[in-house]
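Asks: Next up, input-v6.csv (CSV, C-alpha atoms and all ligand atoms).
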chain,number,residue,atom,x,y,z
O,1,LYS,CA,85.5,106.8,97.2
O,2,PRO,CA,85.6,105.4,100.8
O,3,PRO,CA,87.3,102.0,101.2
O,4,GLN,CA,85.1,98.9,101.1
O,5,ILE,CA,85.4,96.3,103.7
O,6,THR,CA,83.9,92.9,102.8
O,7,LEU,CA,83.1,90.0,105.0
O,8,GLY,CA,83.4,86.7,103.2
O,9,ILE,CA,81.6,83.5,104.2
O,10,GLU,CA,82.5,80.1,102.7
O,11,SER,CA,80.4,77.0,103.8
O,12,SER,CA,79.9,75.0,100.6
O,13,CYS,CA,81.4,71.7,101.8
O,14,ASP,CA,83.4,70.7,104.9
O,15,GLU,CA,85.3,73.8,105.8
O,16,THR,CA,83.9,76.9,107.4
O,17,GLY,CA,85.9,79.8,106.1
O,18,ILE,CA,85.5,83.5,107.2
O,19,ALA,CA,87.6,86.5,106.1
O,20,ILE,CA,87.6,90.2,105.9
O,21,TYR,CA,89.0,92.0,102.8
O,22,HIS,CA,89.8,95.7,102.7
O,23,SER,CA,89.7,97.3,99.2
O,24,GLU,CA,92.9,99.3,99.9
O,25,GLN,CA,94.7,97.3,102.6
O,26,GLY,CA,94.0,93.8,101.3
O,27,LEU,CA,93.2,90.9,103.5
O,28,LEU,CA,92.7,92.0,107.2
O,29,ALA,CA,91.8,88.6,108.8
O,30,HIS,CA,90.9,85.0,107.9
O,31,GLN,CA,89.7,82.1,110.0
O,32,LEU,CA,89.1,78.5,109.0
O,33,TYR,CA,87.6,75.6,110.7
O,34,SER,CA,88.0,72.2,109.0
O,35,GLN,CA,85.5,69.4,109.6
O,36,VAL,CA,87.9,66.8,108.2
O,37,GLU,CA,88.0,64.9,111.5
O,38,LEU,CA,84.2,64.9,111.8
O,39,HIS,CA,83.9,63.1,108.4
O,40,ALA,CA,87.0,61.0,108.5
O,41,GLU,CA,85.4,57.9,110.0
O,42,TYR,CA,82.8,57.9,107.2
O,43,GLY,CA,85.5,58.1,104.5
O,44,GLY,CA,83.9,61.2,102.9
O,45,VAL,CA,81.7,64.2,103.7
O,46,VAL,CA,78.3,63.5,105.3
O,47,PRO,CA,76.1,66.4,104.1
O,48,GLU,CA,73.8,66.6,107.1
O,49,LEU,CA,76.7,66.6,109.6
O,50,ALA,CA,78.4,69.3,107.5
O,51,SER,CA,75.4,71.6,107.7
O,52,ARG,CA,75.0,71.2,111.4
O,53,ASP,CA,78.7,71.9,112.1
O,54,HIS,CA,78.7,75.0,109.9
O,55,ILE,CA,75.8,76.3,112.1
O,56,LEU,CA,78.0,75.9,115.2
O,57,ARG,CA,81.1,77.6,113.6
O,58,VAL,CA,80.0,80.5,111.5
O,59,LEU,CA,79.2,83.1,114.1
O,60,PRO,CA,82.1,82.4,116.4
O,61,LEU,CA,84.5,82.6,113.4
O,62,ILE,CA,83.0,85.9,112.3
O,63,GLU,CA,83.6,87.2,115.8
O,64,ALA,CA,87.1,85.9,115.7
O,65,CYS,CA,87.7,87.6,112.4
O,66,LEU,CA,86.4,91.0,113.6
O,67,GLU,CA,88.7,90.7,116.6
O,68,GLU,CA,91.7,89.7,114.5
O,69,ALA,CA,91.1,92.7,112.2
O,70,GLN,CA,90.4,94.9,115.3
O,71,LEU,CA,87.2,96.1,113.6
O,72,GLY,CA,83.8,96.8,114.9
O,73,ALA,CA,81.0,95.2,112.9
O,74,GLN,CA,79.7,98.6,111.9
O,75,LYS,CA,82.9,99.0,109.7
O,76,ILE,CA,81.8,96.1,107.4
O,77,THR,CA,80.4,97.6,104.1
O,78,GLY,CA,79.3,94.4,102.4
O,79,ILE,CA,79.0,90.7,102.8
O,80,ALA,CA,79.9,87.9,100.3
O,81,TYR,CA,78.8,84.3,100.7
O,82,THR,CA,79.3,81.2,98.6
O,83,ALA,CA,75.9,80.6,96.8
O,84,GLY,CA,77.1,77.4,95.0
O,85,PRO,CA,78.1,75.0,93.8
O,86,GLY,CA,78.2,72.7,96.8
O,87,LEU,CA,76.1,70.9,99.4
O,88,MET,CA,72.7,72.6,99.6
O,89,GLY,CA,72.3,72.5,103.4
O,90,ALA,CA,75.9,73.6,103.9
O,91,LEU,CA,75.4,76.5,101.4
O,92,LEU,CA,72.1,77.6,103.0
O,93,THR,CA,73.7,77.9,106.4
O,94,GLY,CA,76.3,80.4,105.2
O,95,ALA,CA,73.8,82.2,103.0
O,96,ALA,CA,71.2,82.6,105.8
O,97,VAL,CA,73.8,84.0,108.2
O,98,ALA,CA,75.2,86.4,105.5
O,99,ARG,CA,71.7,87.5,104.5
O,100,SER,CA,70.6,88.1,108.1
O,101,LEU,CA,73.8,90.0,109.1
O,102,ALA,CA,73.4,92.1,105.9
O,103,PHE,CA,69.9,93.0,106.9
O,104,ALA,CA,70.8,93.8,110.5
O,105,TRP,CA,73.9,95.9,109.5
O,106,GLN,CA,72.1,97.5,106.5
O,107,VAL,CA,74.8,96.5,104.0
O,108,PRO,CA,74.6,94.7,100.7
O,109,ALA,CA,75.1,91.0,100.4
O,110,VAL,CA,76.2,89.1,97.3
O,111,GLY,CA,76.2,85.4,96.4
O,112,VAL,CA,79.5,84.2,95.0
O,113,HIS,CA,80.3,81.3,92.7
O,114,HIS,CA,82.7,79.0,94.7
O,115,MET,CA,84.9,78.3,91.6
O,116,GLU,CA,85.2,82.0,90.9
O,117,GLY,CA,86.5,82.3,94.4
O,118,HIS,CA,89.2,79.6,93.7
O,119,LEU,CA,90.0,81.2,90.3
O,120,LEU,CA,90.6,84.6,91.9
O,121,ALA,CA,92.5,83.3,94.9
O,122,PRO,CA,96.0,84.1,93.4
O,123,MET,CA,94.9,87.8,93.4
O,124,LEU,CA,95.4,87.8,97.1
O,125,GLU,CA,99.2,87.3,96.6
O,126,GLN,CA,102.0,89.9,96.2
O,127,THR,CA,102.4,89.4,92.5
O,128,GLN,CA,99.1,89.1,90.6
O,129,PRO,CA,98.5,87.9,87.1
O,130,SER,CA,97.3,90.4,84.6
O,131,PHE,CA,94.5,89.5,82.2
O,132,PRO,CA,94.1,87.6,80.0
O,133,PHE,CA,95.4,84.3,81.3
O,134,ILE,CA,94.7,80.6,81.2
O,135,CYS,CA,93.4,79.1,84.5
O,136,LEU,CA,93.7,75.5,85.5
O,137,LEU,CA,91.0,75.0,88.2
O,138,VAL,CA,91.5,71.7,89.9
O,139,SER,CA,89.5,70.7,93.0
O,140,GLY,CA,87.6,67.9,94.4
O,141,GLY,CA,84.5,68.7,92.3
O,142,HIS,CA,86.0,70.4,89.2
O,143,THR,CA,88.8,70.1,86.7
O,144,MET,CA,88.5,72.9,84.2
O,145,ILE,CA,90.7,74.9,81.8
O,146,ILE,CA,89.4,78.4,81.5
O,147,ARG,CA,90.4,81.4,79.5
O,148,VAL,CA,90.1,84.5,81.8
O,149,ASP,CA,89.8,87.9,80.1
O,150,GLY,CA,88.7,89.8,83.2
O,151,ILE,CA,86.6,89.4,86.4
O,152,GLY,CA,83.4,87.7,85.3
O,153,ARG,CA,84.8,87.1,81.8
O,154,TYR,CA,85.4,83.4,81.7
O,155,ARG,CA,85.4,81.0,78.7
O,156,LEU,CA,85.5,77.3,79.4
O,157,LEU,CA,88.0,75.6,77.1
O,158,GLY,CA,88.3,72.1,78.6
O,159,ASP,CA,86.6,70.1,81.3
O,160,THR,CA,86.7,66.6,82.7
O,161,LEU,CA,84.3,64.2,81.2
O,162,ASP,CA,84.0,62.1,84.4
O,163,ASP,CA,85.8,62.4,87.7
O,164,ALA,CA,87.5,65.6,88.9
O,165,ALA,CA,91.3,65.3,89.5
O,166,GLY,CA,90.8,65.7,93.2
O,167,GLU,CA,88.0,63.1,93.2
O,168,ALA,CA,90.4,60.6,91.5
O,169,PHE,CA,93.0,61.3,94.3
O,170,ASP,CA,90.3,60.8,96.9
O,171,LYS,CA,89.0,57.6,95.4
O,172,THR,CA,92.4,56.1,94.8
O,173,ALA,CA,93.3,56.7,98.5
O,174,LYS,CA,89.9,55.3,99.7
O,175,MET,CA,90.2,52.0,97.7
O,176,MET,CA,93.6,51.3,99.3
O,177,ASN,CA,92.2,52.3,102.7
O,178,LEU,CA,94.6,55.2,103.1
O,179,GLY,CA,92.1,57.7,104.5
O,180,TYR,CA,90.4,61.0,103.5
O,181,PRO,CA,90.9,63.4,101.9
O,182,GLY,CA,93.1,61.5,99.6
O,183,GLY,CA,95.1,64.2,97.8
O,184,PRO,CA,97.6,65.1,100.5
O,185,ILE,CA,97.8,61.4,101.6
O,186,VAL,CA,98.5,60.0,98.1
O,187,SER,CA,101.0,62.9,97.5
O,188,ASN,CA,102.9,62.2,100.7
O,189,LEU,CA,103.1,58.5,100.1
O,190,ALA,CA,104.2,59.1,96.5
O,191,LEU,CA,107.4,60.7,97.9
O,192,GLN,CA,108.5,57.2,99.0
O,193,GLY,CA,107.3,55.6,95.7
O,194,ASN,CA,109.4,54.2,93.0
O,195,THR,CA,109.1,56.1,89.7
O,196,ASP,CA,109.8,53.2,87.4
O,197,ARG,CA,107.8,50.4,88.8
O,198,TYR,CA,104.4,51.2,87.2
O,199,LYS,CA,103.5,53.2,84.2
O,200,PHE,CA,99.9,54.6,84.2
O,201,PRO,CA,98.2,55.9,81.1
O,202,ARG,CA,97.9,59.6,80.2
O,203,PRO,CA,94.2,59.7,79.4
O,204,MET,CA,93.0,61.6,76.3
O,205,VAL,CA,96.4,63.2,75.5
O,206,ASP,CA,96.4,61.6,72.0
O,207,ARG,CA,93.1,63.1,71.2
O,208,PRO,CA,92.8,66.7,70.1
O,209,GLY,CA,91.1,69.2,72.4
O,210,LEU,CA,91.3,70.2,76.0
O,211,ASP,CA,88.8,67.8,77.6
O,212,MET,CA,90.1,65.4,80.2
O,213,SER,CA,89.1,62.1,82.0
O,214,PHE,CA,90.4,60.8,85.3
O,215,SER,CA,88.1,58.0,86.2
O,216,GLY,CA,90.2,55.5,84.2
O,217,LEU,CA,93.3,56.3,86.2
O,218,LYS,CA,91.5,55.5,89.4
O,219,THR,CA,90.4,52.2,87.9
O,220,PHE,CA,93.9,51.5,86.7
O,221,ALA,CA,95.1,52.1,90.2
O,222,LEU,CA,92.5,49.7,91.6
O,223,ASN,CA,93.4,47.0,89.1
O,224,THR,CA,97.1,47.4,89.8
O,225,TRP,CA,96.4,47.2,93.6
O,226,HIS,CA,94.3,44.1,93.3
O,227,ALA,CA,96.9,42.3,91.1
O,228,ALA,CA,99.7,43.3,93.5
O,229,GLN,CA,97.8,41.9,96.5
O,230,LYS,CA,97.9,38.5,94.8
O,231,THR,CA,101.5,38.5,93.9
O,232,ASP,CA,103.4,40.6,96.5
O,233,ALA,CA,104.5,39.4,99.9
O,234,PRO,CA,102.4,41.1,102.6
O,235,GLN,CA,105.4,43.0,104.0
O,236,ASP,CA,106.0,44.5,100.6
O,237,LEU,CA,102.5,45.9,100.2
O,238,PRO,CA,103.1,49.3,101.8
O,239,GLN,CA,105.9,49.9,99.3
O,240,THR,CA,103.5,48.8,96.5
O,241,GLN,CA,101.0,51.4,97.7
O,242,ALA,CA,103.6,54.1,97.6
O,243,ASP,CA,104.6,53.0,94.1
O,244,ILE,CA,101.0,53.1,92.9
O,245,CYS,CA,100.6,56.6,94.5
O,246,ARG,CA,103.7,57.7,92.7
O,247,ALA,CA,102.6,56.4,89.3
O,248,PHE,CA,99.1,57.8,89.7
O,249,GLU,CA,100.3,61.2,90.7
O,250,LEU,CA,102.8,61.4,87.8
O,251,ALA,CA,100.0,60.4,85.4
O,252,VAL,CA,97.7,63.1,86.7
O,253,ALA,CA,100.4,65.8,86.7
O,254,GLU,CA,101.6,65.0,83.2
O,255,THR,CA,98.1,64.8,81.8
O,256,LEU,CA,97.3,68.2,83.3
O,257,THR,CA,100.6,69.7,82.0
O,258,ILE,CA,100.0,68.5,78.5
O,259,LYS,CA,96.5,70.0,78.4
O,260,CYS,CA,97.7,73.3,79.9
O,261,LYS,CA,100.5,73.5,77.3
O,262,ARG,CA,97.9,72.9,74.6
O,263,ALA,CA,95.6,75.6,75.9
O,264,LEU,CA,98.3,78.2,76.1
O,265,GLU,CA,99.4,77.4,72.5
O,266,GLN,CA,95.8,77.5,71.3
O,267,GLU,CA,95.0,80.8,72.9
O,268,GLY,CA,98.5,82.4,72.3
O,269,LEU,CA,98.9,83.2,76.0
O,270,ASN,CA,101.9,82.6,78.3
O,271,ARG,CA,100.4,83.3,81.8
O,272,LEU,CA,99.0,80.3,83.7
O,273,VAL,CA,97.0,80.5,86.9
O,274,VAL,CA,96.6,77.3,88.9
O,275,ALA,CA,94.0,77.1,91.7
O,276,GLY,CA,91.7,74.8,93.7
O,277,GLY,CA,92.6,72.2,96.2
O,278,VAL,CA,94.7,70.0,93.9
O,279,SER,CA,96.9,73.0,93.0
O,280,ALA,CA,98.6,72.4,96.4
O,281,ASN,CA,100.1,69.3,94.8
O,282,ARG,CA,103.9,69.3,94.7
O,283,GLU,CA,104.4,67.2,91.6
O,284,ILE,CA,101.7,69.1,89.6
O,285,ARG,CA,103.4,72.4,90.5
O,286,ALA,CA,106.8,71.1,89.6
O,287,GLN,CA,105.7,69.9,86.2
O,288,LEU,CA,103.8,73.1,85.4
O,289,ASP,CA,106.7,75.2,86.6
O,290,ALA,CA,109.0,73.3,84.3
O,291,LEU,CA,106.6,73.8,81.4
O,292,MET,CA,106.4,77.5,82.0
O,293,ALA,CA,110.1,77.9,82.5
O,294,LYS,CA,110.7,76.3,79.2
O,295,ARG,CA,108.1,78.6,77.6
O,296,LYS,CA,109.5,81.7,79.5
O,297,GLY,CA,106.0,82.3,80.8
O,298,GLU,CA,104.7,82.9,84.2
O,299,THR,CA,102.8,80.7,86.7
O,300,PHE,CA,100.7,82.0,89.6
O,301,TYR,CA,99.3,79.9,92.5
O,302,PRO,CA,97.5,80.8,95.7
O,303,ARG,CA,99.5,80.4,98.9
O,304,LEU,CA,99.1,76.8,100.1
O,305,GLU,CA,96.4,77.5,102.6
O,306,PHE,CA,94.2,79.3,100.0
O,307,CYS,CA,94.4,76.4,97.5
O,308,THR,CA,91.8,74.5,99.4
O,309,ASP,CA,88.5,76.0,100.5
O,310,ASN,CA,88.7,79.2,102.5
O,311,GLY,CA,86.8,82.5,103.2
O,312,ALA,CA,89.5,84.8,101.8
O,313,MET,CA,88.8,83.9,98.2
O,314,ILE,CA,85.1,84.5,98.7
O,315,ALA,CA,85.7,87.8,100.4
O,316,TYR,CA,87.9,88.8,97.5
O,317,ALA,CA,85.6,87.6,94.7
O,318,GLY,CA,82.6,89.2,96.5
O,319,ALA,CA,84.4,92.5,96.9
O,320,GLN,CA,84.9,92.6,93.1
O,321,ARG,CA,81.3,91.9,92.5
O,322,LEU,CA,80.1,94.5,95.1
O,323,ALA,CA,82.5,97.1,93.6
O,324,ALA,CA,80.9,96.4,90.2
O,325,GLY,CA,77.5,97.2,91.8
O,326,GLN,CA,76.2,93.7,92.0
O,327,HIS,CA,74.3,92.4,95.0
O,328,ASN,CA,71.3,90.3,95.8
O,329,GLY,CA,68.0,91.3,97.3
O,330,LEU,CA,66.6,90.2,100.7
O,331,ASP,CA,65.5,86.9,99.3
O,332,PHE,CA,68.4,84.6,98.7
O,333,SER,CA,68.9,81.2,97.1
O,334,CYS,CA,71.7,78.7,96.7
O,335,GLN,CA,72.5,76.6,93.7
O,336,PRO,CA,74.1,73.2,94.5
O,337,ARG,CA,74.8,72.9,90.7
O,338,TRP,CA,75.9,76.0,89.0
O,339,ALA,CA,78.0,76.5,85.9
O,340,LEU,CA,80.7,79.1,86.1
O,401,LIG,O1,89.2,73.1,96.5
O,401,LIG,P1,88.9,72.1,97.5
O,401,LIG,O2,89.3,72.4,99.0
O,401,LIG,O3,87.4,71.7,97.6
O,401,LIG,C1,86.6,71.7,96.4
O,401,LIG,O4,86.1,72.7,96.0
O,401,LIG,O5,86.5,70.5,95.9
O,401,LIG,O6,89.6,70.8,97.0
O,401,LIG,C2,89.7,69.6,97.7
O,401,LIG,C3,90.4,68.6,96.9
O,401,LIG,C4,90.3,67.2,97.4
O,401,LIG,O7,89.9,66.3,96.4
O,401,LIG,C5,91.7,66.9,97.9
O,401,LIG,O8,92.0,65.5,97.9
O,401,LIG,C6,92.5,67.7,96.9
O,401,LIG,O9,91.7,68.9,96.7
O,401,LIG,N1,93.8,68.0,97.4
O,401,LIG,C7,95.0,67.5,96.8
O,401,LIG,C8,96.1,68.0,97.6
O,401,LIG,N2,95.5,68.8,98.6
O,401,LIG,C9,94.2,68.8,98.5
O,401,LIG,N3,95.2,66.8,95.7
O,401,LIG,C10,96.4,66.5,95.4
O,401,LIG,N4,97.5,66.9,96.1
O,401,LIG,C11,97.4,67.7,97.2
O,401,LIG,N5,98.5,68.1,97.9
O,402,ZN,ZN,86.7,74.3,96.7
Show how you would write the structure in this file as structure tokens.
Replies:
Amino acid sequence: KPPQITLGIESSCDETGIAIYHSEQGLLAHQLYSQVELHAEYGGVVPELASRDHILRVLPLIEACLEEAQLGAQKITGIAYTAGPGLMGALLTGAAVARSLAFAWQVPAVGVHHMEGHLLAPMLEQTQPSFPFICLLVSGGHTMIIRVDGIGRYRLLGDTLDDAAGEAFDKTAKMMNLGYPGGPIVSNLALQGNTDRYKFPRPMVDRPGLDMSFSGLKTFALNTWHAAQKTDAPQDLPQTQADICRAFELAVAETLTIKCKRALEQEGLNRLVVAGGVSANREIRAQLDALMAKRKGETFYPRLEFCTDNGAMIAYAGAQRLAAGQHNGLDFSCQPRWAL
């Protein structure tokens, strides 16, 4: 069987990610353009601006990828694009380019679920998890605990009932005027934070089951911040912000760790995969690593740059789908909401 070379296109939100994956040689090239600066002044992603910017970036990034891989376009054997979930206009931009190129190059195209891309991102690393495993998928839009028995064989065990973990990081940063996206900002400030000053709740850990809730933590942070602004001297407020970030981050990390431990016990598994933007978080990784060391189990993460949105994970997931004989016809559609 000749090797398959898949071009991956990710455009679901505010990053344009393009990559080329070779079925035998692995990842050949990946390029990313982040729109963070474009949206920063609005404190969040503006959908229409996102779509327009993807239009400008997709083709030049594809050309850059082909050049990086030193490949002619005629070598591409299939195209994968993110078909959802995400912002409709942004998704359609990537899908239309993917579909058009596939038509011009006479190769199949397949629409990929964005969260399946995240879930499979650790497969791009040197040591790969074998099936079955538990996956903690934590991003700006999702917080899910999934039992994974193979590619396409996913069983949702736990979900957030309200905000995603990343969303809670983003909102906590926003209400203290710290900027966007909040995850890395809160996490960096937390390094200077005092661990003992505030104790935040660990939502839903006393209840059985694997569901989670993060909107209460964000409100707890807001109330703590408002109270501190009345009592603290103005010159002490930056330290207070760091202390709140530290307490918030510890609460999210411990809550996720308790739920992962419970999922592993329930399913009788000892392999944990952690993926999605929030899996870049230092404290969360430290607590999960400690849990798995104690259990003598294994933990797998994507490399840091593939935790957040990227084209490599879409190229990889799409390559698996195409290898299984799946592809979409000439008509294409995107699904802004789409269960995994
Ligand atoms: O996976 P991703 O790039 O996009 C979605 O599919 O949502 O995840 C973005 C999310 C944002 O909420 C961002 O604040 C969060 O991941 N994030 C982090 C860190 N880096 C990114 N959260 C906590 N700690 C981090 N280091
Ligand atoms: Zn994502």
Asks: Using only C-alpha atoms, can you tell me which of O:Pro201, O:Phe169, O:Ala50, O:His39 comes closest to Met88 (chain O)?
Replies: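 Ranked by minimum distance to Met88 (chain O), first place goes to O:Ala50.
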Asks: To one decimal in Å, tell me the separation between CA of Pro336 (chain O) and CA of Leu87 (chain O).
Replies: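 Interatomic distance here is 5.8 Å.
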Asks: List as CSV every residue of chain O that is in contact with ligand ZN 402 (chain O), defined as an atom at most 8 Å from one of its atoms (using all atoms listed in the file), together with the nearest atom pair and the distance in Å rounded to one decimal, sorted by chain and then rising number.
Replies:
residue,atom,partner,partner_atom,distance
O:Ser12,CA,O:ZN402,ZN,7.9
O:Cys13,CA,O:ZN402,ZN,7.8
O:His114,CA,O:ZN402,ZN,6.5
O:Met115,CA,O:ZN402,ZN,6.7
O:His118,CA,O:ZN402,ZN,6.6
O:Ser139,CA,O:ZN402,ZN,5.9
O:Gly140,CA,O:ZN402,ZN,6.9
O:Gly141,CA,O:ZN402,ZN,7.5
O:Gly276,CA,O:ZN402,ZN,5.9
O:Gly277,CA,O:ZN402,ZN,6.3
O:Thr308,CA,O:ZN402,ZN,5.8
O:Asp309,CA,O:ZN402,ZN,4.5
O:Asn310,CA,O:ZN402,ZN,7.9
Asks: List every protein, DNA or RNA residue that has an atom no more than 12 Å from (92.1, 58.2, 92.4) in the file's coordinate frame, counting all atoms listed in the file, and report them as a short mmCIF file (atom, residue, chain, number, x, y, z; two decimals) with C-alpha atoms, in the frame of the given file.
Replies:
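point_11.cif written:
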data_model
loop_
_atom_site.label_atom_id
_atom_site.label_comp_id
_atom_site.auth_asym_id
_atom_site.auth_seq_id
_atom_site.Cartn_x
_atom_site.Cartn_y
_atom_site.Cartn_z
CA GLY O 140 87.60 67.90 94.40
CA ASP O 163 85.80 62.40 87.70
CA ALA O 164 87.50 65.60 88.90
CA ALA O 165 91.30 65.30 89.50
CA GLY O 166 90.80 65.70 93.20
CA GLU O 167 88.00 63.10 93.20
CA ALA O 168 90.40 60.60 91.50
CA PHE O 169 93.00 61.30 94.30
CA ASP O 170 90.30 60.80 96.90
CA LYS O 171 89.00 57.60 95.40
CA THR O 172 92.40 56.10 94.80
CA ALA O 173 93.30 56.70 98.50
CA LYS O 174 89.90 55.30 99.70
CA MET O 175 90.20 52.00 97.70
CA MET O 176 93.60 51.30 99.30
CA ASN O 177 92.20 52.30 102.70
CA LEU O 178 94.60 55.20 103.10
CA TYR O 180 90.40 61.00 103.50
CA PRO O 181 90.90 63.40 101.90
CA GLY O 182 93.10 61.50 99.60
CA GLY O 183 95.10 64.20 97.80
CA PRO O 184 97.60 65.10 100.50
CA ILE O 185 97.80 61.40 101.60
CA VAL O 186 98.50 60.00 98.10
CA SER O 187 101.00 62.90 97.50
CA PHE O 200 99.90 54.60 84.20
CA SER O 213 89.10 62.10 82.00
CA PHE O 214 90.40 60.80 85.30
CA SER O 215 88.10 58.00 86.20
CA GLY O 216 90.20 55.50 84.20
CA LEU O 217 93.30 56.30 86.20
CA LYS O 218 91.50 55.50 89.40
CA THR O 219 90.40 52.20 87.90
CA PHE O 220 93.90 51.50 86.70
CA ALA O 221 95.10 52.10 90.20
CA LEU O 222 92.50 49.70 91.60
CA ASN O 223 93.40 47.00 89.10
CA TRP O 225 96.40 47.20 93.60
CA ILE O 244 101.00 53.10 92.90
CA CYS O 245 100.60 56.60 94.50
CA ARG O 246 103.70 57.70 92.70
CA ALA O 247 102.60 56.40 89.30
CA PHE O 248 99.10 57.80 89.70
CA GLU O 249 100.30 61.20 90.70
CA ALA O 251 100.00 60.40 85.40
CA VAL O 252 97.70 63.10 86.70
#
Asks: Can you measure CA of Leu157 (chain O) to CA of Phe131 (chain O) for me? One decimal in Å is fine.
Replies: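 So the two atoms, CA of Leu157 (chain O) and CA of Phe131 (chain O), lie 16.2 Å apart.
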Asks: Assuming 6 Å of padding per side, give the centre and edge lengths of the axis-aligned box around every listed atom of ligand LIG 401 (chain O), in Å to one decimal and as AutoDock Vina command-line options.
Replies:
--center_x 92.3 --center_y 69.3 --center_z 97.2 --size_x 24.4 --size_y 19.6 --size_z 15.6
Asks: For CA of Gly84 (chain O) and CA of Asn281 (chain O), quote the distance in Å rounded to one decimal.
Replies: 24.4 Å
Asks: Under the rule that all atoms listed in the file are counted, which of O:His54, O:Arg295, O:His142, O:Arg321 is the nearest residue to ligand LIG 401 (chain O)?
Replies: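 The closest residue to ligand LIG 401 (chain O) is O:His142.
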Asks: Kindly indicate which residue among O:Leu59, O:Val110, O:Val138, O:Thr143 lies nearest to Thr82 (chain O), using all atoms listed in the file for the distances.
Replies: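 Answer, going by the shortest atom-to-atom distance: O:Val110.
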Asks: Write out as an NGL selection string each polymer residue whose atoms come within 7 Å of region 207-211 of chain O, counting only C-alpha atoms; drop sequence neighbours fewer than 4 positions from it.
Replies: :O and (157-161 or 259 or 263)
Asks: Which neighbours of Arg303 (chain O) fall inside 10 Å, counting all atoms listed in the file, when residues of the same chain fewer than 4 positions from it are skipped, and could you give them as a PDB file with C-alpha atoms, in the frame of the given file?
Replies:
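Dumped everything to part_10.pdb:
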ATOM      1  CA  ALA O 121      92.500  83.300  94.900  1.00  0.00           C
ATOM      2  CA  PRO O 122      96.000  84.100  93.400  1.00  0.00           C
ATOM      3  CA  LEU O 124      95.400  87.800  97.100  1.00  0.00           C
ATOM      4  CA  GLU O 125      99.200  87.300  96.600  1.00  0.00           C
ATOM      5  CA  ALA O 275      94.000  77.100  91.700  1.00  0.00           C
ATOM      6  CA  SER O 279      96.900  73.000  93.000  1.00  0.00           C
ATOM      7  CA  ALA O 280      98.600  72.400  96.400  1.00  0.00           C
ATOM      8  CA  CYS O 307      94.400  76.400  97.500  1.00  0.00           C
ATOM      9  CA  THR O 308      91.800  74.500  99.400  1.00  0.00           C
TER      10      THR O 308
END
Asks: List the spatial neighbours of Leu269 (chain O) as a VMD selection string - criterion: any atom at most 9 Å away, all atoms listed in the file, same-chain residues fewer than 3 positions off excluded.
Replies: chain O and resid 132 to 134 263 to 266 272 297
Asks: Find, counting only C-alpha atoms, the residue in O:Gly111, O:Gly152, O:Gly44, O:Pro238 that gets nearest to Ala324 (chain O).
Replies: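 Going through O:Gly111, O:Gly152, O:Gly44, O:Pro238 one by one, the smallest distance to Ala324 (chain O) is for O:Gly152.
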